[in-house]
>>> print(open('final.cif').read())   # mmCIF, C-alpha atoms
data_start
#
loop_
_atom_site.label_atom_id
_atom_site.label_comp_id
_atom_site.auth_asym_id
_atom_site.auth_seq_id
_atom_site.Cartn_x
_atom_site.Cartn_y
_atom_site.Cartn_z
CA MET T 1 -22.28 -17.56 34.08
CA SER T 2 -24.57 -15.28 36.06
CA ALA T 3 -28.32 -15.31 35.56
CA GLY T 4 -29.52 -13.34 32.53
CA ARG T 5 -26.06 -13.15 30.90
CA VAL T 6 -24.52 -15.16 28.07
CA ALA T 7 -20.89 -16.33 28.09
CA PHE T 8 -19.36 -15.81 24.61
CA GLY T 9 -16.05 -17.45 25.49
CA TYR T 10 -14.20 -14.12 25.65
CA ARG T 11 -14.58 -10.98 27.74
CA THR T 12 -16.81 -8.31 26.25
CA ARG T 13 -18.25 -4.94 27.15
CA THR T 14 -21.52 -3.53 25.85
CA VAL T 15 -21.37 -0.05 24.35
CA ARG T 16 -24.59 1.93 24.00
CA SER T 17 -24.86 5.50 22.70
CA ARG T 18 -27.12 7.54 20.47
CA VAL T 19 -24.87 6.85 17.48
CA VAL T 20 -23.71 3.26 17.89
CA SER T 21 -24.34 0.33 20.17
CA GLY T 22 -22.89 -3.13 20.30
CA ARG T 23 -20.63 -5.57 22.10
CA VAL T 24 -16.86 -5.04 22.06
CA GLY T 25 -14.31 -7.74 22.86
CA ILE T 26 -11.86 -6.49 25.49
CA ARG T 27 -8.86 -8.37 24.12
CA SER T 28 -9.65 -7.33 20.55
CA LEU T 29 -9.89 -3.68 21.64
CA VAL T 30 -6.55 -3.87 23.47
CA VAL T 31 -4.83 -5.62 20.55
CA THR T 32 -6.20 -3.07 18.08
CA THR T 33 -5.02 -0.16 20.22
CA VAL T 34 -1.56 -1.66 20.73
CA LEU T 35 -1.17 -2.42 17.02
CA PHE T 36 -2.08 1.14 16.03
CA LEU T 37 0.44 2.46 18.57
CA VAL T 38 3.08 0.12 17.12
CA ALA T 39 2.28 1.41 13.62
CA LEU T 40 2.66 5.01 14.81
CA GLY T 41 5.96 4.14 16.51
CA LEU T 42 7.35 2.43 13.42
CA GLY T 43 6.20 5.37 11.31
CA THR T 44 8.01 7.82 13.60
CA VAL T 45 11.20 5.77 13.35
CA ALA T 46 10.79 5.64 9.56
CA LEU T 47 10.79 9.46 9.50
CA THR T 48 14.39 9.42 10.71
CA HIS T 49 15.66 7.32 7.78
CA GLY T 50 16.42 8.46 4.24
CA ASP T 51 19.03 10.22 2.15
CA TYR T 52 19.12 12.97 4.79
CA PRO T 53 19.34 11.12 8.15
CA LEU T 54 17.65 12.75 11.12
CA THR T 55 17.62 12.02 14.81
CA LEU T 56 14.44 11.13 16.65
CA GLN T 57 14.65 14.44 18.52
CA GLN T 58 14.77 16.37 15.22
CA VAL T 59 11.74 14.47 13.95
CA LEU T 60 9.73 15.11 17.11
CA ALA T 61 10.74 18.78 17.09
CA SER T 62 9.60 19.08 13.48
CA LEU T 63 6.28 17.40 14.22
CA THR T 64 5.60 19.63 17.24
CA GLY T 65 6.66 22.85 15.47
CA ALA T 66 9.78 23.46 17.57
CA GLU T 67 11.99 22.96 14.49
CA GLN T 68 11.48 25.46 11.63
CA GLY T 69 14.53 24.78 9.43
CA PHE T 70 15.31 22.41 6.57
CA GLU T 71 14.65 19.42 8.81
CA ARG T 72 11.02 20.48 9.16
CA THR T 73 10.66 20.55 5.36
CA VAL T 74 12.19 17.08 5.10
CA VAL T 75 9.88 15.65 7.74
CA LEU T 76 6.57 17.39 6.99
CA GLU T 77 6.75 17.86 3.22
CA TRP T 78 8.73 14.85 2.02
CA ARG T 79 8.52 11.96 4.48
CA LEU T 80 5.30 12.45 6.47
CA PRO T 81 2.90 11.87 3.51
CA ILE T 82 4.71 8.60 2.76
CA VAL T 83 4.41 7.38 6.35
CA ILE T 84 0.75 8.40 6.52
CA ALA T 85 0.20 6.60 3.22
CA ALA T 86 1.80 3.46 4.67
CA ILE T 87 -0.48 3.55 7.72
CA VAL T 88 -3.70 4.43 5.85
CA PHE T 89 -3.08 2.14 2.87
CA GLY T 90 -2.14 -0.72 5.19
CA ALA T 91 -5.36 -0.19 7.15
CA LEU T 92 -7.39 -0.17 3.92
CA LEU T 93 -5.77 -3.41 2.76
CA GLY T 94 -6.48 -5.00 6.13
CA ILE T 95 -10.13 -3.99 5.93
CA GLY T 96 -10.43 -5.25 2.36
CA GLY T 97 -8.91 -8.58 3.31
CA ALA T 98 -11.22 -8.94 6.32
CA ILE T 99 -14.29 -8.22 4.21
CA PHE T 100 -13.49 -10.85 1.57
CA GLN T 101 -12.31 -13.46 4.07
CA SER T 102 -15.61 -13.00 5.88
CA LEU T 103 -17.64 -13.20 2.67
CA THR T 104 -15.81 -16.28 1.39
CA ARG T 105 -15.36 -17.80 4.87
CA ASN T 106 -11.89 -18.71 3.74
CA PRO T 107 -8.49 -17.33 4.87
CA LEU T 108 -7.41 -17.36 1.21
CA GLY T 109 -10.22 -14.95 0.30
CA SER T 110 -8.19 -11.82 -0.33
CA PRO T 111 -8.57 -9.17 -3.07
CA ASP T 112 -5.06 -9.83 -4.40
CA VAL T 113 -5.66 -13.60 -4.51
CA ILE T 114 -9.14 -13.27 -6.07
CA GLY T 115 -7.71 -11.01 -8.76
CA PHE T 116 -9.05 -7.53 -8.15
CA ASP T 117 -5.50 -6.14 -8.04
CA ALA T 118 -4.94 -7.66 -11.47
CA GLY T 119 -8.05 -5.87 -12.77
CA SER T 120 -6.78 -2.53 -11.50
CA TYR T 121 -3.36 -3.21 -12.98
CA THR T 122 -4.83 -4.17 -16.36
CA ALA T 123 -6.81 -0.92 -16.48
CA VAL T 124 -3.65 1.07 -15.71
CA VAL T 125 -1.66 -0.82 -18.34
CA VAL T 126 -4.33 -0.08 -20.94
CA THR T 127 -4.44 3.58 -19.85
CA ILE T 128 -0.67 4.05 -20.17
CA LEU T 129 0.18 1.81 -23.11
CA VAL T 130 -2.97 1.96 -25.27
CA ILE T 131 -4.57 5.33 -24.48
CA GLY T 132 -1.18 6.93 -23.94
CA THR T 133 -1.84 9.03 -20.84
CA GLY T 134 -0.03 8.94 -17.52
CA SER T 135 -1.59 11.61 -15.30
CA TYR T 136 -2.23 10.66 -11.69
CA TRP T 137 -5.99 11.17 -11.71
CA GLU T 138 -6.52 9.27 -14.96
CA ILE T 139 -4.46 6.38 -13.62
CA ALA T 140 -6.34 6.51 -10.30
CA PHE T 141 -9.72 6.48 -12.04
CA ALA T 142 -8.60 3.62 -14.29
CA ALA T 143 -7.38 1.56 -11.33
CA ILE T 144 -10.64 1.97 -9.42
CA ALA T 145 -12.78 1.30 -12.51
CA GLY T 146 -10.69 -1.76 -13.42
CA GLY T 147 -10.99 -3.21 -9.92
CA LEU T 148 -14.76 -2.70 -9.82
CA ALA T 149 -15.23 -4.11 -13.34
CA THR T 150 -13.21 -7.19 -12.42
CA ALA T 151 -15.27 -7.62 -9.25
CA PHE T 152 -18.46 -7.43 -11.31
CA VAL T 153 -17.22 -10.07 -13.75
CA VAL T 154 -16.07 -12.39 -10.96
CA TYR T 155 -19.37 -11.90 -9.11
CA VAL T 156 -21.49 -12.69 -12.18
CA LEU T 157 -19.41 -15.72 -13.21
CA SER T 158 -19.42 -17.19 -9.70
CA TYR T 159 -23.12 -16.58 -9.03
CA ARG T 160 -25.16 -19.77 -8.93
CA ARG T 161 -28.31 -19.21 -6.86
CA GLY T 162 -26.08 -17.22 -4.53
CA ILE T 163 -22.38 -16.74 -3.87
CA GLN T 164 -20.21 -19.48 -2.42
CA GLY T 165 -16.79 -18.50 -1.10
CA PHE T 166 -14.76 -21.29 -2.68
CA ARG T 167 -16.31 -20.73 -6.12
CA LEU T 168 -15.66 -16.98 -5.84
CA ILE T 169 -11.97 -17.64 -5.11
CA ILE T 170 -11.54 -20.13 -7.96
CA VAL T 171 -13.30 -17.89 -10.50
CA GLY T 172 -11.26 -14.92 -9.23
CA ILE T 173 -7.97 -16.77 -9.66
CA ALA T 174 -8.96 -17.81 -13.20
CA VAL T 175 -9.93 -14.25 -14.17
CA SER T 176 -6.74 -12.95 -12.56
CA TRP T 177 -4.50 -15.17 -14.68
CA MET T 178 -6.41 -14.25 -17.82
CA LEU T 179 -5.75 -10.59 -17.02
CA VAL T 180 -2.08 -11.36 -16.36
CA SER T 181 -1.78 -12.78 -19.87
CA VAL T 182 -3.36 -9.60 -21.30
CA ASN T 183 -0.94 -7.46 -19.30
CA ASN T 184 2.08 -9.45 -20.46
CA TYR T 185 0.98 -9.23 -24.09
CA LEU T 186 0.50 -5.45 -23.92
CA ILE T 187 3.86 -4.94 -22.20
CA SER T 188 5.64 -7.16 -24.74
CA ARG T 189 4.28 -4.96 -27.57
CA ALA T 190 5.08 -1.63 -25.89
CA GLU T 191 8.02 0.73 -26.27
CA ILE T 192 10.80 0.09 -23.79
CA GLU T 193 10.26 3.40 -21.92
CA ASP T 194 6.53 2.77 -21.51
CA ALA T 195 7.15 -0.84 -20.47
CA MET T 196 9.62 0.34 -17.80
CA THR T 197 7.09 2.87 -16.50
CA VAL T 198 4.42 0.20 -16.14
CA GLY T 199 6.91 -2.23 -14.63
CA LEU T 200 8.05 0.27 -11.97
CA TRP T 201 4.45 1.08 -11.11
CA HIS T 202 3.64 -2.65 -10.85
CA ALA T 203 6.40 -3.12 -8.27
CA GLY T 204 4.26 -1.24 -5.73
CA SER T 205 5.98 1.77 -4.19
CA ILE T 206 4.69 4.39 -1.78
CA GLY T 207 7.89 6.43 -2.12
CA ARG T 208 6.38 8.75 -4.76
CA VAL T 209 3.35 9.71 -2.64
CA THR T 210 3.08 13.48 -2.06
CA TRP T 211 0.53 15.72 -0.29
CA PRO T 212 -1.47 16.95 -3.36
CA PRO T 213 -2.80 13.51 -4.37
CA MET T 214 -2.70 12.24 -0.79
CA ILE T 215 -5.29 14.66 0.60
CA PRO T 216 -8.19 13.59 -1.67
CA GLY T 217 -6.99 10.02 -1.22
CA LEU T 218 -7.44 10.38 2.55
CA ALA T 219 -10.97 11.69 2.01
CA ILE T 220 -11.83 8.69 -0.17
CA ALA T 221 -10.23 6.34 2.37
CA ALA T 222 -12.33 7.89 5.17
CA ALA T 223 -15.52 7.36 3.16
CA ILE T 224 -14.60 3.72 2.50
CA ILE T 225 -13.80 3.08 6.18
CA ILE T 226 -17.12 4.62 7.28
CA ALA T 227 -19.02 2.51 4.74
CA ALA T 228 -17.23 -0.65 5.90
CA ALA T 229 -18.00 0.18 9.54
CA LEU T 230 -21.69 0.65 8.74
CA LEU T 231 -21.80 -2.70 6.91
CA ALA T 232 -19.84 -4.56 9.60
CA PRO T 233 -22.89 -5.65 11.69
CA ALA T 234 -24.60 -7.06 8.58
CA MET T 235 -21.32 -8.80 7.65
CA ARG T 236 -21.38 -10.55 11.03
CA ARG T 237 -24.93 -11.74 10.40
CA LEU T 238 -23.97 -13.07 6.95
CA GLU T 239 -21.30 -15.21 8.61
CA LEU T 240 -24.16 -17.13 10.27
CA GLY T 241 -25.56 -18.09 6.86
CA ASP T 242 -28.10 -16.47 4.56
CA ASP T 243 -31.11 -18.04 6.29
CA ALA T 244 -30.04 -16.83 9.72
CA ALA T 245 -29.18 -13.40 8.29
CA VAL T 246 -32.65 -13.08 6.76
CA THR T 247 -34.18 -14.10 10.08
CA LEU T 248 -32.20 -11.30 11.77
CA GLY T 249 -33.45 -8.72 9.25
CA THR T 250 -30.54 -8.65 6.78
CA ARG T 251 -31.01 -8.78 3.00
CA PRO T 252 -28.02 -10.94 1.89
CA GLY T 253 -27.91 -9.85 -1.77
CA PRO T 254 -27.64 -6.06 -1.39
CA VAL T 255 -25.45 -6.33 1.72
CA ARG T 256 -23.06 -8.74 0.02
CA LEU T 257 -22.87 -6.52 -3.06
CA GLY T 258 -22.19 -3.47 -0.88
CA LEU T 259 -19.42 -5.32 0.96
CA ILE T 260 -17.84 -6.39 -2.33
CA VAL T 261 -17.85 -2.80 -3.62
CA ALA T 262 -16.34 -1.54 -0.35
CA GLY T 263 -13.71 -4.28 -0.34
CA VAL T 264 -12.73 -3.68 -3.95
CA ALA T 265 -12.57 0.07 -3.32
CA THR T 266 -10.02 -0.46 -0.54
CA THR T 267 -7.55 -2.24 -2.76
CA ALA T 268 -8.34 -0.07 -5.81
CA VAL T 269 -7.50 3.14 -3.94
CA VAL T 270 -4.18 1.69 -2.80
CA THR T 271 -3.41 0.33 -6.27
CA ALA T 272 -4.20 3.71 -7.84
CA ALA T 273 -1.79 5.56 -5.56
CA ALA T 274 1.02 3.08 -5.06
CA GLY T 275 0.56 0.15 -7.41
CA PRO T 276 -0.32 -3.42 -6.40
CA ILE T 277 0.82 -4.26 -2.85
CA SER T 278 0.31 -7.96 -2.32
CA PHE T 279 -0.28 -10.18 0.72
CA VAL T 280 -1.04 -7.45 3.28
CA ALA T 281 -4.77 -7.97 2.72
CA LEU T 282 -4.21 -11.73 2.91
CA ALA T 283 -2.14 -11.85 6.08
CA ALA T 284 -3.43 -8.98 8.22
CA PRO T 285 -6.92 -10.35 9.12
CA GLN T 286 -5.63 -13.80 10.12
CA LEU T 287 -2.68 -12.47 12.13
CA ALA T 288 -4.99 -10.01 13.92
CA ARG T 289 -7.54 -12.74 14.62
CA ARG T 290 -4.89 -14.93 16.21
CA LEU T 291 -3.58 -12.09 18.37
CA ALA T 292 -7.06 -11.04 19.45
CA ARG T 293 -8.24 -14.67 19.77
CA SER T 294 -11.54 -13.60 18.26
CA PRO T 295 -13.98 -16.10 16.69
CA GLY T 296 -13.81 -14.32 13.32
CA VAL T 297 -11.96 -11.58 11.51
CA SER T 298 -12.34 -8.10 12.97
CA LEU T 299 -12.30 -4.98 10.82
CA PRO T 300 -10.57 -2.69 13.39
CA ALA T 301 -7.94 -5.28 14.36
CA SER T 302 -7.33 -6.17 10.69
CA ALA T 303 -6.91 -2.48 9.85
CA ALA T 304 -4.42 -2.03 12.69
CA MET T 305 -2.45 -5.14 11.67
CA GLY T 306 -2.43 -4.01 8.03
CA ALA T 307 -1.02 -0.65 9.10
CA VAL T 308 1.72 -2.38 11.11
CA LEU T 309 2.65 -4.68 8.21
CA LEU T 310 2.86 -1.93 5.59
CA VAL T 311 4.64 0.67 7.68
CA GLY T 312 6.99 -2.10 8.87
CA ALA T 313 7.69 -3.03 5.25
CA HIS T 314 8.32 0.64 4.48
CA LEU T 315 10.82 0.90 7.35
CA LEU T 316 12.52 -2.29 6.17
CA SER T 317 12.79 -0.88 2.65
CA LEU T 318 14.49 2.24 4.05
CA LEU T 319 16.98 0.13 5.99
CA ILE T 320 17.74 -1.95 2.89
CA ALA T 321 18.21 1.25 0.89
CA GLN T 322 20.81 2.47 3.37
CA ALA T 323 22.72 -0.81 3.21
CA TYR T 324 22.29 -1.64 -0.48
CA ARG T 325 19.82 0.13 -2.78
CA PRO T 326 16.14 1.17 -2.71
CA VAL T 327 13.62 -1.67 -2.88
CA PRO T 328 9.89 -0.99 -3.52
CA VAL T 329 7.72 -1.85 -0.57
CA GLY T 330 5.53 -4.04 -2.80
CA LEU T 331 8.46 -6.38 -3.44
CA ILE T 332 9.09 -6.73 0.30
CA THR T 333 5.45 -7.62 1.05
CA LEU T 334 5.51 -10.01 -1.93
CA CYS T 335 8.62 -11.79 -0.63
CA LEU T 336 7.47 -12.05 3.00
CA GLY T 337 3.88 -12.78 2.00
CA GLY T 338 4.96 -15.74 -0.11
CA GLY T 339 6.37 -17.40 3.00
CA TYR T 340 3.16 -16.64 4.88
CA LEU T 341 1.06 -18.16 2.07
CA ILE T 342 3.12 -21.38 2.15
CA TRP T 343 2.65 -21.61 5.93
CA LEU T 344 -1.08 -20.93 5.58
CA LEU T 345 -1.57 -23.60 2.90
CA ILE T 346 0.32 -26.21 4.94
CA ARG T 347 -1.68 -25.34 8.05
CA GLU T 348 -5.04 -25.45 6.28
CA THR T 349 -4.15 -28.77 4.64
CA ASN T 350 -3.12 -30.28 7.96
CA GLN T 351 -6.32 -29.08 9.61
CA ARG T 352 -8.53 -30.36 6.80
CA TYR T 353 -7.01 -33.84 6.87
CA GLY T 354 -6.59 -33.97 10.65
CA LEU T 355 -2.79 -33.97 10.63
CA THR T 356 -2.41 -31.35 13.40
CA ARG T 357 -1.97 -32.49 16.96
#
>>> encode(input="final.cif", output="structure tokens")
Amino acid sequence: MSAGRVAFGYRTRTVRSRVVSGRVGIRSLVVTTVLFLVALGLGTVALTHGDYPLTLQQVLASLTGAEQGFERTVVLEWRLPIVIAAIVFGALLGIGGAIFQSLTRNPLGSPDVIGFDAGSYTAVVVTILVIGTGSYWEIAFAAIAGGLATAFVVYVLSYRRGIQGFRLIIVGIAVSWMLVSVNNYLISRAEIEDAMTVGLWHAGSIGRVTWPPMIPGLAIAAAIIIAAALLAPAMRRLELGDDAAVTLGTRPGPVRLGLIVAGVATTAVVTAAAGPISFVALAAPQLARRLARSPGVSLPASAAMGAVLLVGAHLLSLLIAQAYRPVPVGLITLCLGGGYLIWLLIRETNQRYGLTR
């Protein structure tokens, strides 16, 4: 280590400008860039698959404007909003997972594990089955309101002279299962057509995403990402503990509440547009952290990994549809994420009891 410099254990570069300043890990930056490029590549390949197969040249010609025929309509009007939704929604889920895993200091701290997805789903079930409306904007508003209301309840019930990560997870799981019982009761009392509508929405599918609802969704997603980026430095200081954060000029209560609202908004927006998509928020931050070899979860790397996971699941669903029949992307993430959760639990148990070599 040279005089006047601190070795952080990984290579960094300092960025200073009029807008932002900070220290950036070189490996984390490279991993984030590569992951976003992989997501874009998988998305481009996904544009070639569907009921009307296209070649990669036709897709690229449609994207660049060289193709003006029916293929351009298929690519730009039908498939491109779905691929963009997969990338943006995956990034949002990755950010949401990183926020809650940082707040709880636990790799199991994910919005879908804590139960915020269940809150959004309950609000949608009530909207469709009890109120009797099924418009997109009413469902979207209900999903966001349900997620935020569930977060408020979990926050209040887990607050004991502050928020502890493990207690937040346990309270969230308990509230989640209570909401699941409400959902099951409402569905069991509903007409068969309404129950099928709710069931299909619960499977989590981005296949019905179109441009009209996608454009305002992108605006909301941009606002959430900007808010999360502004809160990221304070989130890092909270990881040091409340006392250290206060010493560094951070007010833990308001910052933590702002992070919870931002994290819930990420999953609520996705749930409103596509239904619950599980395990992306859980897996993306930890996979990105291992690739980047960073000391903690990183919002940009988690967003990039989330985009890769969701667009990869979308491509896999298209391949399965060609060979067998369409499968909602939420079922694919649920199936693969279950295996990841088992691996994570075994690994955490081995580390806690010193069973790893």
>>> resolve_selection(input="final.cif", expression="the PyMOL selection byres ((chain T and resi 226-230) around 8)", output="MDAnalysis selection string")
chainID T and resid 95 222:225 231:233 259 262 299
>>> resolve_selection(input="final.cif", expression="the PyMOL selection byres ((chain T and resi 166) around 9)", output="PDB file with C-alpha atoms, in the frame of the given file")
ATOM      1  CA  THR T 104     -15.810 -16.280   1.390  1.00  0.00           C
ATOM      2  CA  ARG T 105     -15.360 -17.800   4.870  1.00  0.00           C
ATOM      3  CA  ASN T 106     -11.890 -18.710   3.740  1.00  0.00           C
ATOM      4  CA  GLY T 109     -10.220 -14.950   0.300  1.00  0.00           C
ATOM      5  CA  ILE T 163     -22.380 -16.740  -3.870  1.00  0.00           C
ATOM      6  CA  GLN T 164     -20.210 -19.480  -2.420  1.00  0.00           C
ATOM      7  CA  GLY T 165     -16.790 -18.500  -1.100  1.00  0.00           C
ATOM      8  CA  ARG T 167     -16.310 -20.730  -6.120  1.00  0.00           C
ATOM      9  CA  LEU T 168     -15.660 -16.980  -5.840  1.00  0.00           C
ATOM     10  CA  ILE T 169     -11.970 -17.640  -5.110  1.00  0.00           C
ATOM     11  CA  ILE T 170     -11.540 -20.130  -7.960  1.00  0.00           C
ATOM     12  CA  VAL T 171     -13.300 -17.890 -10.500  1.00  0.00           C
TER      13      VAL T 171
END
>>> closest_residue(input="final.cif", among="T:Ile26, T:Leu200, T:Leu331, T:Val261", to="Leu316 in chain T", atoms="only C-alpha atoms")
T:Leu331
>>> resolve_selection(input="final.cif", expression="the PyMOL selection byres ((chain T and resi 33-37) around 12)", output="count of residues only")
36
>>> residues_near_point(input="final.cif", point="(-12.1, 8.5, -10.6)", cutoff="12 Å", atoms="all atoms listed in the file", output="PDB file with C-alpha atoms, keeping the file's coordinate frame")
ATOM      1  CA  SER T 135      -1.590  11.610 -15.300  1.00  0.00           C
ATOM      2  CA  TYR T 136      -2.230  10.660 -11.690  1.00  0.00           C
ATOM      3  CA  TRP T 137      -5.990  11.170 -11.710  1.00  0.00           C
ATOM      4  CA  GLU T 138      -6.520   9.270 -14.960  1.00  0.00           C
ATOM      5  CA  ILE T 139      -4.460   6.380 -13.620  1.00  0.00           C
ATOM      6  CA  ALA T 140      -6.340   6.510 -10.300  1.00  0.00           C
ATOM      7  CA  PHE T 141      -9.720   6.480 -12.040  1.00  0.00           C
ATOM      8  CA  ALA T 142      -8.600   3.620 -14.290  1.00  0.00           C
ATOM      9  CA  ALA T 143      -7.380   1.560 -11.330  1.00  0.00           C
ATOM     10  CA  ILE T 144     -10.640   1.970  -9.420  1.00  0.00           C
ATOM     11  CA  ALA T 145     -12.780   1.300 -12.510  1.00  0.00           C
ATOM     12  CA  GLY T 146     -10.690  -1.760 -13.420  1.00  0.00           C
ATOM     13  CA  GLY T 147     -10.990  -3.210  -9.920  1.00  0.00           C
ATOM     14  CA  LEU T 148     -14.760  -2.700  -9.820  1.00  0.00           C
ATOM     15  CA  PRO T 216      -8.190  13.590  -1.670  1.00  0.00           C
ATOM     16  CA  GLY T 217      -6.990  10.020  -1.220  1.00  0.00           C
ATOM     17  CA  ILE T 220     -11.830   8.690  -0.170  1.00  0.00           C
ATOM     18  CA  ALA T 265     -12.570   0.070  -3.320  1.00  0.00           C
ATOM     19  CA  ALA T 268      -8.340  -0.070  -5.810  1.00  0.00           C
ATOM     20  CA  VAL T 269      -7.500   3.140  -3.940  1.00  0.00           C
ATOM     21  CA  ALA T 272      -4.200   3.710  -7.840  1.00  0.00           C
ATOM     22  CA  ALA T 273      -1.790   5.560  -5.560  1.00  0.00           C
TER      23      ALA T 273
END
>>> atom_distance(input="final.cif", atom1="CA of Ser278 in chain T", atom2="CA of Leu186 in chain T")
21.7 Å
>>> residues_around(input="final.cif", residues="Phe70 in chain T", least_positions_apart="6", cutoff="12 Å", atoms="only C-alpha atoms", output="list in words")
Tyr52, Leu54, Gln58, Val59, Ser62, Leu76, Glu77 and Trp78 of chain T
>>> residues_around(input="final.cif", residues="Tyr121 in chain T", least_positions_apart="3", cutoff="9 Å", atoms="all atoms listed in the file", output="number ranges by chain")
T: 116-118, 124-126, 142-143, 146-147, 179-180, 183, 202, 271-272, 275-276
>>> residues_near_point(input="final.cif", point="(21.0, 12.9, 5.4)", cutoff="12 Å", atoms="all atoms listed in the file", output="VMD selection string")
chain T and resid 47 to 55 70 to 71 74 to 75 322
>>> closest_residue(input="final.cif", among="T:Val113, T:Leu129, T:Met196, T:Ala46", to="Val175 in chain T", atoms="all atoms listed in the file")
T:Val113
>>> axis_aligned_box(input="final.cif", around="range 73-78 of chain T", padding_each_side="6 Å", output="AutoDock Vina command-line options")
--center_x 9.4 --center_y 17.7 --center_z 4.9 --size_x 17.6 --size_y 17.7 --size_z 17.7
>>> atom_distance(input="final.cif", atom1="CA of Ile346 in chain T", atom2="CA of Pro107 in chain T")
12.5 Å
>>> closest_residue(input="final.cif", among="T:Gln101, T:Thr133, T:Gln57, T:Thr150", to="Ser120 in chain T", atoms="all atoms listed in the file")
T:Thr150
>>> closest_residue(input="final.cif", among="T:Pro328, T:Leu157, T:Ala149, T:Ile99", to="Trp201 in chain T", atoms="only C-alpha atoms")
T:Pro328
>>> atom_distance(input="final.cif", atom1="CA of Trp343 in chain T", atom2="CA of Val264 in chain T")
25.6 Å
>>> closest_residue(input="final.cif", among="T:Gly207, T:Gly94, T:Gly338, T:Gly249", to="Leu315 in chain T", atoms="only C-alpha atoms")
T:Gly207
>>> closest_residue(input="final.cif", among="T:Ser205, T:Thr122, T:Thr333, T:Thr73", to="Ser176 in chain T", atoms="all atoms listed in the file")
T:Thr122
>>> residues_around(input="final.cif", residues="Gly296 in chain T", least_positions_apart="5", cutoff="10 Å", atoms="all atoms listed in the file", output="list in words")
Ala98, Gln101, Ser102, Arg105, Arg236, Glu239, Pro285, Gln286, Ala288, Arg289 and Arg290 of chain T
>>> decode(input="final.cif", residues="range 211-215 of chain T", atoms="all heavy atoms", output="compact mmCIF listing (two decimals), in the first residue's frame")
# COMPACT_ATOMS: atom_id res chain seq x y z
N TRP T 211 -47.15 -2.17 -25.42
CA TRP T 211 -46.57 -0.84 -25.30
C TRP T 211 -47.42 0.12 -24.46
O TRP T 211 -46.87 0.88 -23.64
CB TRP T 211 -46.33 -0.23 -26.68
CG TRP T 211 -45.09 -0.73 -27.36
CD1 TRP T 211 -45.01 -1.36 -28.57
CD2 TRP T 211 -43.73 -0.64 -26.90
NE1 TRP T 211 -43.71 -1.68 -28.89
CE2 TRP T 211 -42.90 -1.24 -27.87
CE3 TRP T 211 -43.16 -0.12 -25.74
CZ2 TRP T 211 -41.52 -1.33 -27.72
CZ3 TRP T 211 -41.78 -0.20 -25.58
CH2 TRP T 211 -40.97 -0.81 -26.57
N PRO T 212 -48.76 0.19 -24.64
CA PRO T 212 -49.54 1.21 -23.89
C PRO T 212 -49.32 1.19 -22.38
O PRO T 212 -49.03 2.25 -21.80
CB PRO T 212 -50.99 0.90 -24.29
CG PRO T 212 -50.87 0.30 -25.64
CD PRO T 212 -49.62 -0.52 -25.62
N PRO T 213 -49.42 0.03 -21.71
CA PRO T 213 -49.12 0.07 -20.27
C PRO T 213 -47.64 0.06 -19.96
O PRO T 213 -47.23 0.41 -18.85
CB PRO T 213 -49.79 -1.21 -19.75
CG PRO T 213 -49.77 -2.14 -20.90
CD PRO T 213 -49.92 -1.29 -22.13
N MET T 214 -46.82 -0.34 -20.94
CA MET T 214 -45.38 -0.46 -20.69
C MET T 214 -44.71 0.90 -20.59
O MET T 214 -43.80 1.09 -19.76
CB MET T 214 -44.74 -1.27 -21.82
CG MET T 214 -43.28 -1.62 -21.58
SD MET T 214 -43.08 -2.65 -20.13
CE MET T 214 -41.32 -2.50 -19.84
N ILE T 215 -45.16 1.87 -21.38
CA ILE T 215 -44.51 3.19 -21.38
C ILE T 215 -44.61 3.88 -20.03
O ILE T 215 -43.58 4.32 -19.48
CB ILE T 215 -45.09 4.06 -22.51
CG1 ILE T 215 -44.69 3.44 -23.87
CG2 ILE T 215 -44.60 5.49 -22.41
CD1 ILE T 215 -45.30 4.14 -25.06
